[in-house]
Structures are given as structure tokens and as C-alpha cells.
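See structure below.
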Protein chains: 2
Amino acid sequence: MTSPVGAEHLAFADRLADAAAAISRRYFRQRLAVDDKADASPVTIADREAEAAMRTLIESQYPKHGILGEEHGAVRAGADLVWVLDPIDGTKSFISGVPLFGTLIALVHEGRPVLGVIDQPVSRERWRGLEGQASTFNGAAATVRACDALAKATLFAGATEQYVGEDAAALARLKAAVKLTRHNGACYAYGLLALGFVDCVAEASLKPYDYCALVPIVEGAGGVITDWQGRPLGLHSDGHVLAAGDPRLHALAQATLAGRKPAR
Amino acid sequence: MTSPVGAEHLAFADRLADAAAAISRRYFRQRLAVDDKADASPVTIADREAEAAMRTLIESQYPKHGILGEEHGAVRAGADLVWVLDPIDGTKSFISGVPLFGTLIALVHEGRPVLGVIDQPVSRERWRGLEGQASTFNGAAATVRACDALAKATLFAGATEQYVGEDAAALARLKAAVKLTRHNGACYAYGLLALGFVDCVAEASLKPYDYCALVPIVEGAGGVITDWQGRPLGLHSDGHVLAAGDPRLHALAQATLAGRKPAR
């Protein structure tokens with residue numbers, strides 16, 4: 001499959017990230033009111049303003065494109081091209097003063113994520129991915145590392161409350177198999193995987209705006225990212241994400257999460 | 001009690017932090033060999049070189065002072081003044097490319113930590129504490145925030161494997177009582193507590209070089225830091241650390257960890 005998405009859209013995604021970054025940097029480590037959303041997750045004025053700024057730019061530049069954002073919902077969701085936005089992925093980090101949150105920007109073509117940006121505005125780190133191209137980190141090539149065995153692998157997982165019921169048992173199996181686990185999830189973990197410092201990330205209970213931007217970045221760095229059954233991720237996935245830098249490790253992790261004995 | 005430690009020693013601690021930072025910055029996000037120590041914790045050439053550089057400076061400036069370092073052991077441990085060094089606290093973050101590790105430098109007088117520095121060399125963030133003085137963050141005053149109830153509190157905890165047996169049950173009680181928990185331990189958590197973005201940190205299985213530097217910083221920012229029984233921390237504490245920005249919250253957290261009903 002080919003998509004009409006290219007360098008023009010990637011340059012525009014940079015503009016979106018710049019606009020969001022200016023806002024989240026201004027509010028970082030300020031005393032902000034934190035509101036609880038319906039799902040009890042926190043949100044601040046920084047999340048709302050950063051998404052609104054990006055939506056304004058999209059409406060002006062691409063008025064026929066759809067938009068799906070974490071804070072302000074969906075418009076033209078049936079369009080061929082939909083921008084999927086998380087202004088501050090890792091709001092719990094943001095409100096705690098931890099500079100590991102990120103702005104996530106994806107462009108989805110007919111349900112498939114084909115462009116992704118992860119931007120960390122405080123450390124000024126930016127990952128960019130475009131289907132069929134090598135991913136970049138601050139302009140240089142981003143590349144995964146090889147890791148062919150769970151016993152050698154560094155696993156990053158999300159907050160423990162993401163994993164409910166059977167998902168908790170599945171994650172426990174994977175943690176028991178790897179060398180090192182850290183509960184540092186959200187977008188930064190996938191960025192480190194794309195740089196070859198983390199081997200595997202397994203998360204649950206995610207929404208499309210949490211993972212769509214990650215797909216082109218991880219794939220363009222040589223990694224594999226799917227749901228826990230190995231299916232491609234799209235707007236209608238079930239919220240489970242499994243990424244690995246090495247395709248062999250992805251297969252082993254998938255089998256371990258499923259409770260199957262790996263083939264080797 | 002008063003100590004002979006003052007501005008001269010704090011300026012010298014800055015020199016130590018500068019020397020360690022130059023080394024750990026050089027090695028950050030490079031492909032380093034990672035060795036497993038006897039306790040299975042990871043160590044790299046960056047840890048070893050950074051501590052050696054600090055020890056050389058101490059031997060030259062204060063040849064009668066003791067030194068206790070994570071990587072190279074103890075000399076003159078019976079001296080009135082002992083420098084306690086962790087060149088890279090959070091080595092698991094360091095080797096994974098996460099810029100939340102830190103260099104910890106403490107000066108301990110007759111067993112009591114009276115000077116502390118936390119230095120994050122990548123983001124160039126530095127916390128300084130000196131007994132009897134207000135703590136600073138990059139030169140500005142660092143101050144905790146008020147939080148008088150566990151139900152409003154943000155708790156940072158260490159890696160899940162720190163908490164064994166009864167400690168795991170105790171942490172589970174505390175996590176159930178607070179508003180938000182993140183497993184982002186190590187020194188950065190205490191730095192954020194001293195800045196008023198985290199309310200409570202509870203860790204177990206720590207060594208003196210993991211916590212001595214934190215004591216003057218947290219206390220000089222208006223917080224309370226003790227072991228889980230409320231006793232002052234020193235070289236011979238039992239490895240449990242409980243810090244809170246608000247003394248009322250410290251008392252509530254201590255009671256919850258102990259399984260006692262808080263007084264209020």
C-alpha cells in the first residue's frame with residue numbers, strides 16, 4: 001500500500017510539534033490546577049491549550065483532514081487522512097515535574113498510521129517517522145539494536161495499573177523472562193527503543209492517540225510494533241501494544257505474553 | 001549539634017559534581033559494556049571513572065577525610081568527616097538512556113549527613129543542601145509544597161523489586177491510600193519533592209550512598225526524611241527511606257507503612 005503522505009506533511013507535523021512545545025514548556029513545573037477526567041486521568045490547561053493550538057493549524061492548512069485528539073475529540077473522523085493528537089502523553093509525568101512526557105502527532109491514512117512524531121519539549125528531543133523511510137532523532141538516523149533472547153532484554157512497561165486481570169498475569173510472565181524491567185512507559189520508552197537502548201515495550205489499556213504516532217517511528221528504526229496478538233495497529237486496535245527492536249525478540253515476547261512456550 | 005561543614009565544602013562538592021558530570025555525559029547513550037555486580041546490579045565504566053575522578057579530588061584537597069563510594073569502597077571510614085559518593089545513582093536509567101539518573105555527593109559528620117548534592121548532568125539540574133540552610137536548585141531556593149492528606153498525595157516509589165516480603169505489603173497499603181503513584185525512584189524523585197511537585201517518596205533496600213545526600217536537601221527544602229520508623233538517617237540505617245514534603249503527610253505515611261491506623 002502506498003499513501004499520499006510525504007515530506008510536506010512531515011514538515012507540517014514539525015510545525016504542530018513546535019506549537020505544542022511552546023505551550024507545554026511554558027506550563028512545565030508551574031503550579032497548575034489538575035482536573036480529573038471521567039476516567040480519573042489527570043488533565044491540565046497545558047494539555048488543552050497545546051491540542052487547541054495544533055487543531056487550529058490543521059484546520060487552516062488541511063481543512064478536509066480529520067482530527068482525533070485526546071482532549072477535544074473527533075472531527076471528520078471518516079476522512080481518508082486523520083491527524084491523531086496527544087498534546088501531552090504522560091500527563092502524570094508532566095504534573096510531577098518529570099521531563100519524560102511527550103507530544104504525539106500521527107497522520108493516519110485509511111486507518112493505518114503512516115507518519116509519526118514524538119516531541120519532548122523540555123529536553124528538545126524529537127523523533128520523526130514516515131512510512132517507507134528511515135526514522136530520525138533530532139535529525140540523525142534512529143536505529144534499534146539487536147537482541148535475540150528475552151534473558152538479555154531490557155523491558156519498559158507502563159504504570160502498573162494499566163495491566164488488569166489476565167494482562168497483569170501476562171506482564172508478570174514477561175517480566176520474569178527478561179533481564180531488566182523498568183516501569184517507564186509512555187512515548188519516551190518507544191523513543192529509546194528506536195535509539196537502541198531499550199529492547200521491548202509492552203503496554204495495555206492504551207488509546208489510539210497513545211500509540212498511532214509510535215508505529216512509523218518504531219518501524220522506520222527497524223523495529224516491530226503490533227498488538228499483543230501480532231496484528232498491525234490502527235485506529236480500532238484493542239489498546240494492547242507490543243514493540244521490540246529485534247523481530248526475533250518480538251516473537252518471543254508475544255508468545256510469553258500469550259502463555260505459549262516460544263518456538264525456541 | 002553543629003558541624004564544621006560550610007560553604008567551603010559545598011563549593012568543593014560542586015567541583016566533585018562537575019568532574020563526575022563531565023564523565024557521565026561523555027558516556028551517556030553510548031554503547032557501553034554493562035557488567036553485573038555481585039548483587040546483580042549493573043555497573044559501567046562511567047560509574048567507575050566518575051567515582052575515581054571524585055576520589056582523586058578528595059584525596060588531594062582533604063586527605064584526612066574518609067570516603068565511602070559505591071564502586072570503590074571505603075577508606076578512613078572512622079574519620080569525623082566522610083564523603084559518601086554514588087557516581088551514578090540510577091544506573092538502570094543510565095544504561096537505558098533515561099536522563100533521570102544522578103550523581104550523589106554527601107558529607108557526613110560523625111555519622112550524620114550535613115551536606116548533599118544531587119546532580120543530573122544531562123539536563124544540568126543540580127540540587128544543593130547544607131544543614132541549617134535553605135536548599136537550592138540551580139541556584140534558586142527549593143521548597144516543598146504542603147499536602148495534608150494521603151488522598152491528595154503524589155507518591156514516587158522505587159523499582160518494584162526493592163520491596164520484599166512485608167515491605168511489599170507495606171508499600172501496597174501506601175499506594176492504595178494515595179492519589180497517584182509512579183515507580184520513578186532514585187534521587188530524581190527526592191529532587192522533585194524538594195521542588196514541590198512530588199509529596200512523598202518511600203523506598204527500601206537502599207545503601208548509605210543512595211540516601212545520605214538526600215537528607216540535607218530534603219530537610220533544607222522544608223521536608224522530612226527518615227527511615228520507615230521515623231528515625232534519622234545515617235551511615236548505619238536499615239535501608240528504608242521515607243520522605244515527605246509536609247510533616248503531617250510524613251506521619252500519615254509512616255503509620256500506613258506500619259499498618260497502624262493514623263491518628264487522623
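Residues are referred to by chain and number: the chain letter is A, B, ... according to the order shown in the C-alpha cells, the number counts from 1 in that chain, and ligands are numbered separately from 1 in the order shown.
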Sorted per-residue table, segment 10-121 of chain B near segment 136-153 of chain B, closest atoms and distance, 10 Å, only C-alpha atoms, as CSV:
```
residue,atom,partner,partner_atom,distance
B:Val117,CA,B:Thr136,CA,9.7
B:Ile118,CA,B:Phe137,CA,9.4
B:Asp119,CA,B:Asn138,CA,9.6
```
Proximity check chain A to chain B, 12 Å, nearest pairs one decimal Å, only C-alpha atoms, as JSON lines:
```
{"residue": "A:Phe28", "atom": "CA", "partner": "B:Phe197", "partner_atom": "CA", "distance": 10.6}
{"residue": "A:Arg29", "atom": "CA", "partner": "B:Phe197", "partner_atom": "CA", "distance": 7.5}
{"residue": "A:Gln30", "atom": "CA", "partner": "B:Phe197", "partner_atom": "CA", "distance": 9.1}
{"residue": "A:Arg31", "atom": "CA", "partner": "B:Phe197", "partner_atom": "CA", "distance": 8.5}
{"residue": "A:Leu32", "atom": "CA", "partner": "B:Phe197", "partner_atom": "CA", "distance": 10.4}
{"residue": "A:Val34", "atom": "CA", "partner": "B:Lys152", "partner_atom": "CA", "distance": 11.2}
{"residue": "A:Asp36", "atom": "CA", "partner": "B:Lys179", "partner_atom": "CA", "distance": 10.9}
{"residue": "A:Ala40", "atom": "CA", "partner": "B:Lys179", "partner_atom": "CA", "distance": 10.2}
{"residue": "A:Ser41", "atom": "CA", "partner": "B:Leu180", "partner_atom": "CA", "distance": 9.8}
{"residue": "A:Pro42", "atom": "CA", "partner": "B:Leu180", "partner_atom": "CA", "distance": 9.8}
{"residue": "A:Gly90", "atom": "CA", "partner": "B:Arg182", "partner_atom": "CA", "distance": 11.2}
{"residue": "A:Thr91", "atom": "CA", "partner": "B:Leu180", "partner_atom": "CA", "distance": 11.6}
{"residue": "A:Lys92", "atom": "CA", "partner": "B:Arg182", "partner_atom": "CA", "distance": 8.2}
{"residue": "A:Ser93", "atom": "CA", "partner": "B:Arg182", "partner_atom": "CA", "distance": 8.4}
{"residue": "A:Phe94", "atom": "CA", "partner": "B:Phe197", "partner_atom": "CA", "distance": 9.7}
{"residue": "A:Ile95", "atom": "CA", "partner": "B:Phe197", "partner_atom": "CA", "distance": 7.2}
{"residue": "A:Ser96", "atom": "CA", "partner": "B:Phe197", "partner_atom": "CA", "distance": 4.9}
{"residue": "A:Gly97", "atom": "CA", "partner": "B:Phe197", "partner_atom": "CA", "distance": 6.0}
{"residue": "A:Val98", "atom": "CA", "partner": "B:Leu192", "partner_atom": "CA", "distance": 8.0}
{"residue": "A:Pro99", "atom": "CA", "partner": "B:Leu100", "partner_atom": "CA", "distance": 8.8}
{"residue": "A:Leu100", "atom": "CA", "partner": "B:Val98", "partner_atom": "CA", "distance": 8.5}
{"residue": "A:Val122", "atom": "CA", "partner": "B:Ser123", "partner_atom": "CA", "distance": 8.9}
{"residue": "A:Ser123", "atom": "CA", "partner": "B:Ser123", "partner_atom": "CA", "distance": 7.1}
{"residue": "A:Arg124", "atom": "CA", "partner": "B:Ser123", "partner_atom": "CA", "distance": 10.5}
{"residue": "A:Glu125", "atom": "CA", "partner": "B:Pro99", "partner_atom": "CA", "distance": 11.8}
{"residue": "A:Arg145", "atom": "CA", "partner": "B:Arg31", "partner_atom": "CA", "distance": 10.0}
{"residue": "A:Lys152", "atom": "CA", "partner": "B:Val34", "partner_atom": "CA", "distance": 11.2}
{"residue": "A:Ala153", "atom": "CA", "partner": "B:Ser96", "partner_atom": "CA", "distance": 10.9}
{"residue": "A:Thr154", "atom": "CA", "partner": "B:Ser96", "partner_atom": "CA", "distance": 7.8}
{"residue": "A:Leu155", "atom": "CA", "partner": "B:Ser96", "partner_atom": "CA", "distance": 9.7}
{"residue": "A:Phe156", "atom": "CA", "partner": "B:Ser96", "partner_atom": "CA", "distance": 9.4}
{"residue": "A:Ala157", "atom": "CA", "partner": "B:His183", "partner_atom": "CA", "distance": 10.7}
{"residue": "A:Gly158", "atom": "CA", "partner": "B:His183", "partner_atom": "CA", "distance": 9.7}
{"residue": "A:Ala159", "atom": "CA", "partner": "B:Arg182", "partner_atom": "CA", "distance": 7.0}
{"residue": "A:Thr160", "atom": "CA", "partner": "B:His183", "partner_atom": "CA", "distance": 8.7}
{"residue": "A:Glu161", "atom": "CA", "partner": "B:Thr181", "partner_atom": "CA", "distance": 9.6}
{"residue": "A:Ala172", "atom": "CA", "partner": "B:Thr160", "partner_atom": "CA", "distance": 11.8}
{"residue": "A:Lys175", "atom": "CA", "partner": "B:Glu161", "partner_atom": "CA", "distance": 11.0}
{"residue": "A:Ala176", "atom": "CA", "partner": "B:Glu161", "partner_atom": "CA", "distance": 11.4}
{"residue": "A:Lys179", "atom": "CA", "partner": "B:Ala40", "partner_atom": "CA", "distance": 10.2}
{"residue": "A:Leu180", "atom": "CA", "partner": "B:Lys92", "partner_atom": "CA", "distance": 8.2}
{"residue": "A:Thr181", "atom": "CA", "partner": "B:Ala159", "partner_atom": "CA", "distance": 8.6}
{"residue": "A:Arg182", "atom": "CA", "partner": "B:Ala159", "partner_atom": "CA", "distance": 7.1}
{"residue": "A:His183", "atom": "CA", "partner": "B:His183", "partner_atom": "CA", "distance": 6.3}
{"residue": "A:Asn184", "atom": "CA", "partner": "B:Asn184", "partner_atom": "CA", "distance": 7.6}
{"residue": "A:Gly185", "atom": "CA", "partner": "B:His183", "partner_atom": "CA", "distance": 10.4}
{"residue": "A:Tyr188", "atom": "CA", "partner": "B:Val98", "partner_atom": "CA", "distance": 8.7}
{"residue": "A:Ala189", "atom": "CA", "partner": "B:Val98", "partner_atom": "CA", "distance": 8.8}
{"residue": "A:Tyr190", "atom": "CA", "partner": "B:Ser96", "partner_atom": "CA", "distance": 11.5}
{"residue": "A:Gly191", "atom": "CA", "partner": "B:Gly97", "partner_atom": "CA", "distance": 9.9}
{"residue": "A:Leu192", "atom": "CA", "partner": "B:Gly97", "partner_atom": "CA", "distance": 6.6}
{"residue": "A:Leu193", "atom": "CA", "partner": "B:Ser96", "partner_atom": "CA", "distance": 9.0}
{"residue": "A:Ala194", "atom": "CA", "partner": "B:Gly97", "partner_atom": "CA", "distance": 11.3}
{"residue": "A:Leu195", "atom": "CA", "partner": "B:Gly97", "partner_atom": "CA", "distance": 8.8}
{"residue": "A:Gly196", "atom": "CA", "partner": "B:Ser96", "partner_atom": "CA", "distance": 8.8}
{"residue": "A:Phe197", "atom": "CA", "partner": "B:Ser96", "partner_atom": "CA", "distance": 4.9}
{"residue": "A:Val198", "atom": "CA", "partner": "B:Ser96", "partner_atom": "CA", "distance": 5.9}
{"residue": "A:Asp199", "atom": "CA", "partner": "B:Ser96", "partner_atom": "CA", "distance": 9.4}
{"residue": "A:Cys200", "atom": "CA", "partner": "B:Ser96", "partner_atom": "CA", "distance": 11.4}
```
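Between atom CA of Glu49 of chain A and atom CA of Ile23 of chain A lies a distance of 7.1 Å.
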Need to verify the contact set: segment 9-20 of chain B, 9 Å, only C-alpha atoms, exclusion of same-chain residues closer than 3 positions in sequence. Can you return it as a ChimeraX atom specification?
/B:5-6,23-25,46-47,49-55,57-58,61,87-88,103-107,115-119,121,126,128-130
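For the pair atom CA of His240 of chain B and atom CA of Ser205 of chain B, the separation is 6.2 Å.
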Please indicate the distance in Å from atom CA of Gln162 of chain A to atom CA of His109 of chain A, rounded to one decimal place.
28.0 Å
If you count only C-alpha atoms, the residue of B:Cys212, B:Val114, B:Val75, B:Ala251 closest to Gly239 of chain B turns out to be B:Cys212
From segment 155-212 of chain B, collect each residue whose DSSP state is helix (DSSP H, G or I) and return the set as a ChimeraX atom specification.
/B:160-162,166-177,186-194,208-211
Restricting the calculation to only C-alpha atoms, which member of A:Leu257, A:His236, A:Leu252, A:Ser60 is positioned closest to Glu166 of chain A?
A:Leu257
Among segment 15-203 of chain A, which ones does DSSP place in strand (DSSP E), written as a ChimeraX atom specification?
/A:35-36,42-43,66-69,73-75,81-89,102-109,112-120,125-130,136-137,140-141,154-157,180-182,200-203
